[in-house]
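Heads up, model_26.csv below (CSV, C-alpha atoms and all ligand atoms):
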```
chain,number,residue,atom,x,y,z
A,966,MET,CA,-10.2,-29.5,-43.8
A,967,LEU,CA,-11.6,-33.0,-43.8
A,968,THR,CA,-14.5,-31.8,-46.0
A,969,LEU,CA,-11.9,-30.3,-48.4
A,970,GLU,CA,-10.2,-33.7,-48.5
A,971,VAL,CA,-13.4,-35.5,-49.3
A,972,ASP,CA,-14.2,-32.9,-52.0
A,973,ARG,CA,-10.7,-33.4,-53.4
A,974,LEU,CA,-11.3,-37.2,-53.6
A,975,THR,CA,-14.7,-36.8,-55.2
A,976,LYS,CA,-13.2,-34.4,-57.8
A,977,THR,CA,-10.4,-36.9,-58.6
A,978,GLN,CA,-12.9,-39.7,-59.0
A,979,ARG,CA,-15.1,-37.7,-61.3
A,980,PHE,CA,-12.1,-36.8,-63.4
A,981,ARG,CA,-11.2,-40.5,-63.6
A,982,VAL,CA,-14.7,-41.5,-64.7
A,983,GLU,CA,-14.8,-38.7,-67.3
A,984,LYS,CA,-11.4,-39.7,-68.6
A,985,TYR,CA,-12.4,-43.4,-68.7
A,986,LYS,CA,-15.6,-42.6,-70.6
A,987,ASN,CA,-13.7,-40.5,-73.1
A,988,ASP,CA,-11.0,-43.1,-73.6
A,989,ILE,CA,-13.2,-46.2,-74.2
A,990,ARG,CA,-16.5,-44.5,-74.9
A,991,ILE,CA,-18.2,-47.4,-73.1
A,992,VAL,CA,-19.4,-47.4,-69.6
A,993,PRO,CA,-18.2,-50.6,-68.0
A,994,ASP,CA,-20.4,-52.8,-66.0
A,995,LEU,CA,-19.0,-51.8,-62.6
A,996,SER,CA,-21.0,-54.4,-60.8
A,997,THR,CA,-19.0,-57.2,-62.3
A,998,LYS,CA,-15.7,-56.1,-61.0
A,999,SER,CA,-14.4,-55.6,-57.6
A,1000,ASN,CA,-13.3,-52.1,-56.5
A,1001,THR,CA,-9.6,-53.0,-56.8
A,1002,GLN,CA,-10.0,-54.4,-60.3
A,1003,ASN,CA,-12.1,-51.5,-61.4
A,1004,PRO,CA,-9.9,-49.1,-63.4
A,1005,MET,CA,-11.8,-46.1,-62.0
A,1006,PHE,CA,-11.1,-47.0,-58.4
A,1007,HIS,CA,-7.5,-46.5,-57.7
A,1008,PRO,CA,-6.4,-47.9,-54.3
A,1009,SER,CA,-3.5,-45.5,-54.2
A,1010,VAL,CA,-5.9,-42.5,-54.3
A,1011,ILE,CA,-7.9,-43.9,-51.3
A,1012,ALA,CA,-4.7,-44.6,-49.4
A,1013,GLU,CA,-3.3,-41.2,-50.1
A,1014,THR,CA,-6.5,-39.5,-48.9
A,1015,LYS,CA,-6.5,-41.6,-45.8
A,1016,LYS,CA,-2.9,-40.6,-45.1
A,1017,ARG,CA,-3.7,-36.9,-45.7
A,1018,ILE,CA,-6.7,-37.1,-43.3
A,1019,LEU,CA,-4.5,-38.8,-40.7
A,1020,VAL,CA,-1.8,-36.1,-41.0
A,1021,ILE,CA,-4.5,-33.3,-40.9
A,1022,LEU,CA,-6.0,-34.9,-37.7
A,1023,ALA,CA,-2.7,-35.3,-36.1
A,1024,MET,CA,-1.6,-31.8,-36.8
A,1025,THR,CA,-4.9,-30.2,-35.7
A,1026,ASP,CA,-5.1,-32.3,-32.5
A,1027,GLY,CA,-1.4,-31.5,-31.8
A,1028,ALA,CA,-2.1,-27.7,-32.3
A,1029,VAL,CA,-5.2,-27.8,-30.1
A,1030,LEU,CA,-3.3,-29.7,-27.4
A,1031,LEU,CA,-0.4,-27.2,-27.5
A,1032,LEU,CA,-2.7,-24.2,-27.5
A,1033,SER,CA,-5.0,-25.4,-24.7
A,1034,GLY,CA,-2.0,-26.5,-22.6
A,1035,GLY,CA,-0.3,-23.2,-23.1
A,1036,LEU,CA,-3.5,-21.2,-22.3
A,1037,ALA,CA,-4.2,-23.4,-19.3
A,1038,TYR,CA,-0.7,-22.7,-18.0
A,1039,ILE,CA,-1.0,-18.9,-18.4
A,1040,LEU,CA,-4.5,-18.8,-16.9
A,1041,ALA,CA,-3.6,-21.0,-14.0
A,1042,GLY,CA,-0.6,-18.7,-13.3
A,1043,ARG,CA,-2.9,-15.6,-13.4
A,1044,THR,CA,-5.4,-17.2,-11.1
A,1045,LEU,CA,-2.8,-18.3,-8.6
A,1046,LYS,CA,-0.9,-14.9,-8.6
A,1047,PRO,CA,-3.2,-13.1,-6.1
A,1048,ILE,CA,-3.2,-16.2,-3.8
A,1049,LYS,CA,0.6,-16.4,-4.1
A,1050,GLU,CA,0.9,-12.7,-3.2
A,1051,MET,CA,-1.5,-13.1,-0.3
A,1052,VAL,CA,0.5,-16.0,1.1
A,1053,GLU,CA,3.8,-14.0,0.7
A,1054,ASP,CA,2.2,-11.0,2.3
A,1055,GLN,CA,1.0,-13.1,5.3
A,1056,ASN,CA,4.4,-14.7,5.7
A,1057,GLN,CA,6.0,-11.2,5.7
A,1058,PHE,CA,3.4,-10.0,8.2
A,1059,ILE,CA,4.1,-13.0,10.6
A,1060,SER,CA,7.8,-12.5,10.4
A,1061,ASP,CA,7.5,-8.7,11.0
A,1062,ALA,CA,5.1,-9.1,13.9
A,1063,SER,CA,7.4,-11.8,15.5
A,1064,HIS,CA,10.4,-9.5,15.0
A,1065,GLU,CA,8.6,-6.6,16.8
A,1066,PHE,CA,7.6,-8.9,19.7
A,1067,ARG,CA,11.1,-10.3,20.0
A,1068,THR,CA,12.7,-7.0,21.0
A,1069,PRO,CA,10.7,-6.4,24.2
A,1070,LEU,CA,10.8,-10.1,25.1
A,1071,THR,CA,14.6,-10.2,24.8
A,1072,SER,CA,14.9,-7.2,27.0
A,1073,LEU,CA,12.6,-8.7,29.6
A,1074,LYS,CA,14.5,-12.0,29.5
A,1075,SER,CA,17.9,-10.5,29.8
A,1076,SER,CA,16.9,-8.2,32.8
A,1077,PHE,CA,15.4,-11.2,34.6
A,1078,GLU,CA,18.5,-13.3,33.9
A,1079,VAL,CA,20.9,-10.5,35.2
A,1080,TYR,CA,18.8,-10.2,38.4
A,1081,LEU,CA,18.8,-14.0,39.0
A,1082,ARG,CA,22.5,-14.3,38.5
A,1083,GLU,CA,23.2,-11.8,41.3
A,1084,LYS,CA,24.2,-13.5,44.6
A,1085,ASN,CA,22.4,-11.1,47.0
A,1086,PRO,CA,19.7,-9.3,45.0
A,1087,SER,CA,18.2,-6.4,46.7
A,1088,LEU,CA,14.5,-5.5,46.9
A,1089,SER,CA,15.0,-2.0,45.3
A,1090,GLU,CA,16.7,-3.7,42.3
A,1091,ALA,CA,13.8,-6.1,42.0
A,1092,LYS,CA,11.5,-3.1,42.0
A,1093,SER,CA,13.3,-1.2,39.3
A,1094,ILE,CA,13.4,-4.4,37.1
A,1095,MET,CA,9.7,-4.7,37.6
A,1096,VAL,CA,9.1,-1.1,36.6
A,1097,GLU,CA,11.2,-1.7,33.5
A,1098,SER,CA,9.4,-4.9,32.7
A,1099,LEU,CA,6.1,-3.2,33.0
A,1100,SER,CA,7.0,-0.7,30.3
A,1101,GLU,CA,8.1,-3.6,28.0
A,1102,VAL,CA,4.8,-5.4,28.8
A,1103,ASP,CA,2.9,-2.1,27.9
A,1104,LYS,CA,4.8,-2.0,24.6
A,1105,MET,CA,3.8,-5.6,23.8
A,1106,GLN,CA,0.2,-4.8,24.8
A,1107,ASN,CA,0.1,-1.8,22.5
A,1108,LEU,CA,1.6,-3.9,19.7
A,1109,SER,CA,-1.0,-6.7,20.1
A,1110,ASP,CA,-3.8,-4.1,20.2
A,1111,ALA,CA,-2.6,-2.5,17.0
A,1112,LEU,CA,-2.3,-6.0,15.3
A,1113,LEU,CA,-5.8,-6.9,16.4
A,1114,GLN,CA,-7.1,-3.6,15.0
A,1115,LEU,CA,-5.3,-4.2,11.7
A,1116,ALA,CA,-6.7,-7.7,11.5
A,1117,GLN,CA,-10.3,-6.4,12.1
A,1118,TYR,CA,-10.0,-3.9,9.3
A,1119,GLN,CA,-8.7,-6.6,7.0
A,1120,LYS,CA,-12.0,-8.5,7.4
A,1121,PRO,CA,-14.1,-8.0,4.3
A,1122,ASN,CA,-17.4,-7.4,6.2
A,1123,GLY,CA,-15.9,-5.7,9.3
A,1124,HIS,CA,-17.2,-2.2,10.4
A,1125,THR,CA,-19.9,-1.9,7.8
A,1126,ASN,CA,-22.3,-0.3,10.3
A,1127,PHE,CA,-22.5,3.0,8.5
A,1128,GLU,CA,-24.4,6.1,9.4
A,1129,SER,CA,-24.3,9.9,8.8
A,1130,VAL,CA,-21.5,11.3,10.9
A,1131,SER,CA,-21.0,15.0,11.7
A,1132,ILE,CA,-17.3,15.8,11.1
A,1133,LYS,CA,-17.5,18.7,13.7
A,1134,GLU,CA,-18.7,16.3,16.4
A,1135,LEU,CA,-16.2,13.7,15.4
A,1136,ILE,CA,-13.2,16.1,15.5
A,1137,ASN,CA,-14.3,17.4,18.9
A,1138,GLU,CA,-14.3,13.8,20.2
A,1139,VAL,CA,-10.8,13.2,18.7
A,1140,VAL,CA,-9.5,16.4,20.3
A,1141,ARG,CA,-11.0,15.5,23.6
A,1142,LYS,CA,-9.3,12.1,23.5
A,1143,ILE,CA,-5.9,13.5,22.5
A,1144,LYS,CA,-5.9,16.7,24.6
A,1145,PRO,CA,-3.8,15.2,27.5
A,1146,ILE,CA,-0.9,14.4,25.2
A,1147,ALA,CA,-1.1,17.9,23.6
A,1148,VAL,CA,-1.2,19.6,27.0
A,1149,LYS,CA,1.8,17.5,28.1
A,1150,ARG,CA,3.8,18.5,25.0
A,1151,GLU,CA,2.5,22.1,25.1
A,1152,ILE,CA,1.2,21.8,21.6
A,1153,THR,CA,-1.8,23.9,20.6
A,1154,ILE,CA,-4.5,22.2,18.5
A,1155,ILE,CA,-6.4,24.6,16.2
A,1156,GLN,CA,-9.7,23.5,14.7
A,1157,GLU,CA,-11.1,25.1,11.5
A,1158,VAL,CA,-13.9,22.6,11.0
A,1159,LYS,CA,-17.0,23.3,8.8
A,1160,ASP,CA,-20.3,21.6,9.7
A,1161,VAL,CA,-20.2,18.8,7.2
A,1162,GLU,CA,-21.3,15.2,7.2
A,1163,VAL,CA,-20.0,12.0,5.8
A,1164,VAL,CA,-21.4,8.5,5.7
A,1165,GLY,CA,-19.2,6.2,7.8
A,1166,ASN,CA,-18.6,4.2,10.9
A,1167,LYS,CA,-18.1,6.7,13.7
A,1168,ASP,CA,-15.8,4.7,15.9
A,1169,SER,CA,-13.4,3.8,13.1
A,1170,LEU,CA,-13.4,7.4,11.8
A,1171,ILE,CA,-12.5,8.5,15.4
A,1172,GLU,CA,-9.7,6.0,15.3
A,1173,LEU,CA,-8.5,7.3,12.0
A,1174,PHE,CA,-8.2,10.9,13.1
A,1175,VAL,CA,-6.7,10.0,16.5
A,1176,ILE,CA,-3.9,8.2,14.6
A,1177,LEU,CA,-3.3,11.3,12.4
A,1178,VAL,CA,-3.4,13.8,15.2
A,1179,ASP,CA,-1.4,11.6,17.6
A,1180,ASN,CA,1.3,11.3,14.9
A,1181,ALA,CA,1.2,15.1,14.3
A,1182,LEU,CA,1.9,15.6,18.1
A,1183,LYS,CA,4.5,12.8,18.2
A,1184,TYR,CA,6.6,14.2,15.3
A,1185,SER,CA,6.3,18.0,16.3
A,1186,PRO,CA,8.5,20.0,18.6
A,1187,SER,CA,6.8,21.1,21.9
A,1188,LYS,CA,5.2,24.6,21.9
A,1189,SER,CA,4.3,24.3,18.2
A,1190,SER,CA,0.8,23.9,16.8
A,1191,VAL,CA,-1.3,21.4,14.9
A,1192,LEU,CA,-4.1,22.6,12.6
A,1193,ILE,CA,-7.2,20.4,11.9
A,1194,LYS,CA,-9.2,21.6,8.9
A,1195,ALA,CA,-12.4,20.2,7.4
A,1196,GLU,CA,-14.3,21.5,4.4
A,1197,LYS,CA,-16.6,20.4,1.6
A,1198,LYS,CA,-15.0,20.1,-1.8
A,1199,GLY,CA,-17.4,19.0,-4.6
A,1200,SER,CA,-18.8,15.6,-3.6
A,1201,MET,CA,-16.1,15.0,-1.1
A,1202,VAL,CA,-15.3,16.2,2.4
A,1203,THR,CA,-11.6,17.0,2.9
A,1204,VAL,CA,-10.1,16.8,6.4
A,1205,SER,CA,-6.5,17.7,6.8
A,1206,VAL,CA,-4.1,17.5,9.8
A,1207,ARG,CA,-1.2,19.9,9.5
A,1208,ASP,CA,1.9,20.0,11.8
A,1209,LYS,CA,5.1,22.0,11.9
A,1210,GLY,CA,7.2,19.0,12.9
A,1211,VAL,CA,10.1,17.1,11.5
A,1212,GLY,CA,8.5,16.3,8.2
A,1213,ILE,CA,9.1,13.2,6.1
A,1214,GLU,CA,12.0,12.5,3.7
A,1215,GLU,CA,11.0,12.2,0.1
A,1216,LYS,CA,12.2,8.6,-0.1
A,1217,ASP,CA,10.0,7.6,2.8
A,1218,ILE,CA,6.8,9.1,1.5
A,1219,PRO,CA,5.8,6.2,-0.8
A,1220,HIS,CA,6.2,3.7,2.1
A,1221,ILE,CA,4.8,5.3,5.2
A,1222,PHE,CA,1.4,3.6,4.7
A,1223,ASP,CA,3.0,0.2,4.6
A,1224,ARG,CA,2.8,-2.1,7.6
A,1225,PHE,CA,5.6,-1.8,10.1
A,1226,TYR,CA,7.3,0.9,8.1
A,1227,ARG,CA,9.1,3.6,10.2
A,1228,SER,CA,11.4,6.2,8.7
A,1229,ASP,CA,15.1,6.0,9.8
A,1230,SER,CA,14.7,9.3,11.7
A,1231,ALA,CA,11.6,8.0,13.6
A,1232,ARG,CA,13.5,4.8,14.5
A,1233,SER,CA,16.8,6.5,15.6
A,1234,LYS,CA,16.9,10.2,16.1
A,1235,LEU,CA,13.4,10.7,17.5
A,1236,LYS,CA,12.4,8.9,20.6
A,1237,ALA,CA,8.9,8.6,19.3
A,1238,THR,CA,7.3,5.2,20.2
A,1239,GLY,CA,5.4,3.2,17.7
A,1240,TYR,CA,5.6,0.2,15.4
A,1241,GLY,CA,4.8,1.7,12.1
A,1242,LEU,CA,1.2,0.3,12.2
A,1243,GLY,CA,-0.8,3.5,12.7
A,1244,LEU,CA,-0.8,4.8,9.1
A,1245,SER,CA,-1.5,1.3,7.7
A,1246,ILE,CA,-4.6,1.1,10.0
A,1247,ALA,CA,-5.5,4.6,8.9
A,1248,LYS,CA,-5.3,3.6,5.2
A,1249,LYS,CA,-7.5,0.6,5.8
A,1250,ILE,CA,-10.1,2.7,7.5
A,1251,VAL,CA,-10.1,5.2,4.6
A,1252,ASN,CA,-10.4,2.4,2.1
A,1253,LEU,CA,-13.3,1.0,4.0
A,1254,HIS,CA,-15.0,4.4,3.5
A,1255,HIS,CA,-14.2,4.6,-0.2
A,1256,GLY,CA,-12.0,7.6,0.4
A,1257,ARG,CA,-8.4,8.6,-0.2
A,1258,ILE,CA,-5.5,9.5,2.1
A,1259,TYR,CA,-2.2,11.1,1.1
A,1260,VAL,CA,0.5,13.2,2.6
A,1261,GLU,CA,2.4,16.4,1.6
A,1262,SER,CA,5.5,17.0,3.5
A,1263,LYS,CA,8.8,18.9,3.6
A,1264,GLN,CA,11.6,17.8,5.9
A,1265,ASN,CA,12.0,20.1,8.9
A,1266,LYS,CA,9.1,22.2,7.8
A,1267,GLY,CA,6.1,19.9,8.6
A,1268,SER,CA,3.6,17.5,7.1
A,1269,VAL,CA,-0.1,17.7,6.1
A,1270,PHE,CA,-2.1,14.4,6.0
A,1271,ILE,CA,-5.2,14.8,3.8
A,1272,VAL,CA,-8.2,12.6,4.0
A,1273,GLN,CA,-11.0,12.8,1.4
A,1274,LEU,CA,-14.3,11.1,2.2
A,1275,PRO,CA,-17.5,10.9,0.2
A,1276,LYS,CA,-19.9,13.4,1.8
A,1277,ALA,CA,-23.3,12.2,3.1
A,1278,PRO,CA,-26.1,12.5,0.4
A,1279,LYS,CA,-28.9,14.9,1.5
A,1280,GLY,CA,-31.5,13.1,3.6
A,1281,VAL,CA,-29.3,10.3,4.8
A,1282,ILE,CA,-29.6,10.1,8.6
B,1301,LIG,P1,4.5,5.0,14.0
B,1301,LIG,O1,3.9,4.2,15.0
B,1301,LIG,O2,6.0,4.7,13.7
B,1301,LIG,O3,4.2,6.5,14.1
B,1301,LIG,P2,2.9,5.2,11.7
B,1301,LIG,O4,2.4,4.1,10.7
B,1301,LIG,O5,1.8,6.0,12.3
B,1301,LIG,O6,3.8,4.5,12.7
B,1301,LIG,O7,3.8,6.1,10.8
B,1301,LIG,C1,4.8,5.5,10.0
B,1301,LIG,C2,6.0,6.5,9.8
B,1301,LIG,O8,5.5,7.7,9.1
B,1301,LIG,C3,6.5,7.0,11.1
B,1301,LIG,O9,7.5,6.1,11.6
B,1301,LIG,C4,7.1,8.3,10.7
B,1301,LIG,O10,8.4,8.1,10.1
B,1301,LIG,C5,6.2,8.8,9.6
B,1301,LIG,N1,5.2,9.8,10.0
B,1301,LIG,C6,3.9,9.6,10.3
B,1301,LIG,N2,3.3,10.7,10.6
B,1301,LIG,C7,4.2,11.7,10.6
B,1301,LIG,C8,4.2,13.1,10.9
B,1301,LIG,N3,3.1,13.8,11.2
B,1301,LIG,N4,5.4,13.8,10.7
B,1301,LIG,C9,6.5,13.1,10.4
B,1301,LIG,N5,6.6,11.8,10.1
B,1301,LIG,C10,5.4,11.1,10.2
```
What's the structure tokens form of this structure?
Ligand code: ADP
Amino acid sequence: MLTLEVDRLTKTQRFRVEKYKNDIRIVPDLSTKSNTQNPMFHPSVIAETKKRILVILAMTDGAVLLLSGGLAYILAGRTLKPIKEMVEDQNQFISDASHEFRTPLTSLKSSFEVYLREKNPSLSEAKSIMVESLSEVDKMQNLSDALLQLAQYQKPNGHTNFESVSIKELINEVVRKIKPIAVKREITIIQEVKDVEVVGNKDSLIELFVILVDNALKYSPSKSSVLIKAEKKGSMVTVSVRDKGVGIEEKDIPHIFDRFYRSDSARSKLKATGYGLGLSIAKKIVNLHHGRIYVESKQNKGSVFIVQLPKAPKGVI
């Protein structure tokens, strides 16, 4: 734009010179006169050009300033968004965890207070309070273990010790661990597991399927059955855990993998213990293995949790 202004000034001057030459037909001796006296140099033209250049500069600088300010604002907002979300998520996590710890702590405190208020407390009462307290302490221990597990899977480089894992061996190990609960609840565990392999961390995969089978037992009526199936499908290995239990309401399905989420029926009607952390740990483990986990469920009919994991490429041991 500045170049255009200079060109414009040059053109005006050339026109003036031409006009001057045509009018008097004599080229004046320009050296004898100062610029202001020279009829070809008009100070108003120079002043006007200066003014136009100033206006152009002010407008361009203003526009650049506005544009870069606006862009910086938008980009800073975008950069800070994930940090803001992370901080909000952490705050929510702390408040949920504190809330979960508060319930057993309040129960402990009130039973101790009631006992201390008694004038002649008996030994048997003290014993029953201790038994009660121990179960509350167990709950808190389970909760802190689950929180630790969750934190471990949140680490970017945690559990990256991957190897080729046989799903058959893995499921056998899971069933061996969970068998006492199944026997107690008189639930049959059926296995239809093909001999397939995935690449993964064996311990965390065991944890994953223990969570799913444990839930299947927890939310099933006694004397029912749980089916564990594993097969190869294309480049993936699909492992499903199917139960004939209470099922999950449609409104709960999108949230069950969220931290601390428990369906209303799990909280109230069922006496199933838990903090709503199992499935969020399961999801973290599946993500770590670049897999997928989802559920298909019908209330009062049962649920099937499906895990898809990339199968081990041939020759990987
Ligand atoms: P919880 O410790 O409460 O079982 P989870 O994270 O493992 O926590 O599960 C979250 C919620 O998902 C449970 O509270 C329950 O409502 C629902 N859920 C999980 N597995 C099943 C299942 N097999 N059948 C019915 N509901 C289930």
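Restricting the calculation to all atoms listed in the file, the smallest distance between A:Ser1262 and any of A:Val1202, A:Leu1031, A:Val1158, A:Ile1213 is found for A:Ile1213.
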Could the residues of chain A that have an atom at most 8 Å from ligand LIG 1301 (chain B) be listed as a Markdown table, each with its closest atom pair and the distance in Å to one decimal, counting only C-alpha atoms and all ligand atoms and ordered by chain and ascending residue number?
```
| residue | atom | partner | partner_atom | distance |
| --- | --- | --- | --- | --- |
| A:Ile1176 | CA | B:LIG1301 | O5 | 6.5 |
| A:Leu1177 | CA | B:LIG1301 | N2 | 6.9 |
| A:Val1178 | CA | B:LIG1301 | N3 | 7.6 |
| A:Asn1180 | CA | B:LIG1301 | N2 | 4.8 |
| A:Ala1181 | CA | B:LIG1301 | N3 | 3.9 |
| A:Leu1182 | CA | B:LIG1301 | N3 | 7.2 |
| A:Lys1183 | CA | B:LIG1301 | N3 | 7.2 |
| A:Tyr1184 | CA | B:LIG1301 | N4 | 4.8 |
| A:Ser1185 | CA | B:LIG1301 | N4 | 7.1 |
| A:Arg1207 | CA | B:LIG1301 | N3 | 7.7 |
| A:Asp1208 | CA | B:LIG1301 | N3 | 6.3 |
| A:Gly1210 | CA | B:LIG1301 | N4 | 5.9 |
| A:Val1211 | CA | B:LIG1301 | C9 | 5.5 |
| A:Gly1212 | CA | B:LIG1301 | C9 | 4.4 |
| A:Ile1213 | CA | B:LIG1301 | N5 | 4.9 |
| A:Asp1217 | CA | B:LIG1301 | O10 | 7.5 |
| A:Ile1218 | CA | B:LIG1301 | O8 | 7.8 |
| A:Ile1221 | CA | B:LIG1301 | O8 | 4.6 |
| A:Phe1222 | CA | B:LIG1301 | O4 | 6.1 |
| A:Asp1223 | CA | B:LIG1301 | O4 | 7.3 |
| A:Arg1224 | CA | B:LIG1301 | O4 | 6.9 |
| A:Phe1225 | CA | B:LIG1301 | O4 | 6.7 |
| A:Tyr1226 | CA | B:LIG1301 | C1 | 5.6 |
| A:Arg1227 | CA | B:LIG1301 | O9 | 3.3 |
| A:Ser1228 | CA | B:LIG1301 | O10 | 3.8 |
| A:Asp1229 | CA | B:LIG1301 | O10 | 7.0 |
| A:Ser1230 | CA | B:LIG1301 | O10 | 6.6 |
| A:Ala1231 | CA | B:LIG1301 | O10 | 4.7 |
| A:Arg1232 | CA | B:LIG1301 | O9 | 6.8 |
| A:Ala1237 | CA | B:LIG1301 | O3 | 7.3 |
| A:Thr1238 | CA | B:LIG1301 | O1 | 6.3 |
| A:Gly1239 | CA | B:LIG1301 | O1 | 3.2 |
| A:Tyr1240 | CA | B:LIG1301 | O1 | 4.4 |
| A:Gly1241 | CA | B:LIG1301 | O6 | 3.0 |
| A:Leu1242 | CA | B:LIG1301 | O4 | 4.3 |
| A:Gly1243 | CA | B:LIG1301 | O5 | 3.6 |
| A:Leu1244 | CA | B:LIG1301 | O4 | 3.6 |
| A:Ser1245 | CA | B:LIG1301 | O4 | 5.7 |
| A:Ile1246 | CA | B:LIG1301 | O4 | 7.6 |
| A:Ser1262 | CA | B:LIG1301 | N4 | 7.9 |
| A:Gly1267 | CA | B:LIG1301 | N4 | 6.5 |
| A:Ser1268 | CA | B:LIG1301 | N4 | 5.5 |
| A:Val1269 | CA | B:LIG1301 | N3 | 7.2 |
| A:Phe1270 | CA | B:LIG1301 | N3 | 7.4 |
```
Selection export as an mmCIF file, keeping the file's coordinate frame, atoms kept: C-alpha atoms:
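Heads up, here's the output in result03.cif:
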```cif
data_model
loop_
_atom_site.group_PDB
_atom_site.id
_atom_site.type_symbol
_atom_site.label_atom_id
_atom_site.label_comp_id
_atom_site.auth_asym_id
_atom_site.auth_seq_id
_atom_site.Cartn_x
_atom_site.Cartn_y
_atom_site.Cartn_z
ATOM 1 C CA ILE A 1176 -3.900 8.200 14.600
ATOM 2 C CA LEU A 1177 -3.300 11.300 12.400
ATOM 3 C CA VAL A 1178 -3.400 13.800 15.200
ATOM 4 C CA ASN A 1180 1.300 11.300 14.900
ATOM 5 C CA ALA A 1181 1.200 15.100 14.300
ATOM 6 C CA LEU A 1182 1.900 15.600 18.100
ATOM 7 C CA LYS A 1183 4.500 12.800 18.200
ATOM 8 C CA TYR A 1184 6.600 14.200 15.300
ATOM 9 C CA SER A 1185 6.300 18.000 16.300
ATOM 10 C CA ARG A 1207 -1.200 19.900 9.500
ATOM 11 C CA ASP A 1208 1.900 20.000 11.800
ATOM 12 C CA GLY A 1210 7.200 19.000 12.900
ATOM 13 C CA VAL A 1211 10.100 17.100 11.500
ATOM 14 C CA GLY A 1212 8.500 16.300 8.200
ATOM 15 C CA ILE A 1213 9.100 13.200 6.100
ATOM 16 C CA ASP A 1217 10.000 7.600 2.800
ATOM 17 C CA ILE A 1218 6.800 9.100 1.500
ATOM 18 C CA ILE A 1221 4.800 5.300 5.200
ATOM 19 C CA PHE A 1222 1.400 3.600 4.700
ATOM 20 C CA ASP A 1223 3.000 0.200 4.600
ATOM 21 C CA ARG A 1224 2.800 -2.100 7.600
ATOM 22 C CA PHE A 1225 5.600 -1.800 10.100
ATOM 23 C CA TYR A 1226 7.300 0.900 8.100
ATOM 24 C CA ARG A 1227 9.100 3.600 10.200
ATOM 25 C CA SER A 1228 11.400 6.200 8.700
ATOM 26 C CA ASP A 1229 15.100 6.000 9.800
ATOM 27 C CA SER A 1230 14.700 9.300 11.700
ATOM 28 C CA ALA A 1231 11.600 8.000 13.600
ATOM 29 C CA ARG A 1232 13.500 4.800 14.500
ATOM 30 C CA ALA A 1237 8.900 8.600 19.300
ATOM 31 C CA THR A 1238 7.300 5.200 20.200
ATOM 32 C CA GLY A 1239 5.400 3.200 17.700
ATOM 33 C CA TYR A 1240 5.600 0.200 15.400
ATOM 34 C CA GLY A 1241 4.800 1.700 12.100
ATOM 35 C CA LEU A 1242 1.200 0.300 12.200
ATOM 36 C CA GLY A 1243 -0.800 3.500 12.700
ATOM 37 C CA LEU A 1244 -0.800 4.800 9.100
ATOM 38 C CA SER A 1245 -1.500 1.300 7.700
ATOM 39 C CA ILE A 1246 -4.600 1.100 10.000
ATOM 40 C CA SER A 1262 5.500 17.000 3.500
ATOM 41 C CA GLY A 1267 6.100 19.900 8.600
ATOM 42 C CA SER A 1268 3.600 17.500 7.100
ATOM 43 C CA VAL A 1269 -0.100 17.700 6.100
ATOM 44 C CA PHE A 1270 -2.100 14.400 6.000
#
```
Quick one: everything within 12 Å of A:Ile1059, counting all atoms listed in the file, minus sequence neighbours fewer than 5 positions away in the same chain. Send it as a ChimeraX atom specification. /A:1052-1054,1064-1066,1112,1224-1225
Please provide as a PDB file with C-alpha atoms, keeping the file's coordinate frame all residues within 12 Å of A:Lys1120, with the sequence filter that same-chain residues fewer than 5 positions apart are discarded (counting all atoms listed in the file).
```pdb
ATOM      1  CA  LEU A1113      -5.800  -6.900  16.400  1.00  0.00           C
ATOM      2  CA  GLN A1114      -7.100  -3.600  15.000  1.00  0.00           C
ATOM      3  CA  LEU A1115      -5.300  -4.200  11.700  1.00  0.00           C
ATOM      4  CA  THR A1125     -19.900  -1.900   7.800  1.00  0.00           C
ATOM      5  CA  LYS A1249      -7.500   0.600   5.800  1.00  0.00           C
ATOM      6  CA  ILE A1250     -10.100   2.700   7.500  1.00  0.00           C
ATOM      7  CA  LEU A1253     -13.300   1.000   4.000  1.00  0.00           C
TER       8      LEU A1253
END
```
Set the distance at 10 Å and use only C-alpha atoms: which residues neighbour A:Phe1127 once local chain neighbours fewer than 5 positions away are removed? I'd like the list as an MDAnalysis selection string. chainID A and resid 1163:1167 1254
At a cut-off of 12 Å, using only C-alpha atoms, what residues contact A:Arg1017? Leave out same-chain residues fewer than 6 positions from it and give the result as an NGL selection string. :A and (966-971 or 973-974 or 1010-1011 or 1023-1024)
Within 10 Å of stretch 1098-1103 of chain A, counting all atoms listed in the file, which residues qualify if same-chain residues fewer than 3 places away don't, as a ChimeraX atom specification? /A:1066,1068-1074,1076-1077,1092-1095,1106-1109
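Interatomic distance, atom CA of A:Ile1271 to atom CA of A:Gln1117: 23.3 Å.
The interatomic distance for the pair atom CA of A:Lys1194 and atom CA of A:Glu1157 works out to 4.8 Å.
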When you count all atoms listed in the file, which of these residues is closest to A:Gln1156: A:Ala1111, A:Ser1205, A:Asp1179, A:Leu1088? A:Ser1205
One-decimal distance in Å that lies between atom CA of A:Ala1116 and atom CA of A:Leu1045: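 Rounded to one decimal, the two atoms are 23.1 Å apart.
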Hey, which of A:Ile1048, A:Leu1192, A:Val1204, A:Leu1173 ends up closest to A:Lys1248? Count all atoms listed in the file.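 For A:Lys1248, the nearest of the candidates is A:Leu1173.
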Minimum-distance residue to A:Gly1199, chosen among A:Lys1159, A:Lys1049, A:Lys1149, A:Lys1276 (using all atoms listed in the file):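 Nearest candidate to A:Gly1199 out of A:Lys1159, A:Lys1049, A:Lys1149, A:Lys1276: A:Lys1276.
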Go through A:Ser1189, A:Ser1087, A:Ser1009, A:Asn1265 and flag the residue nearest A:Val1148, using only C-alpha atoms for the distances.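 Distance minimum relative to A:Val1148 lands on A:Ser1189.
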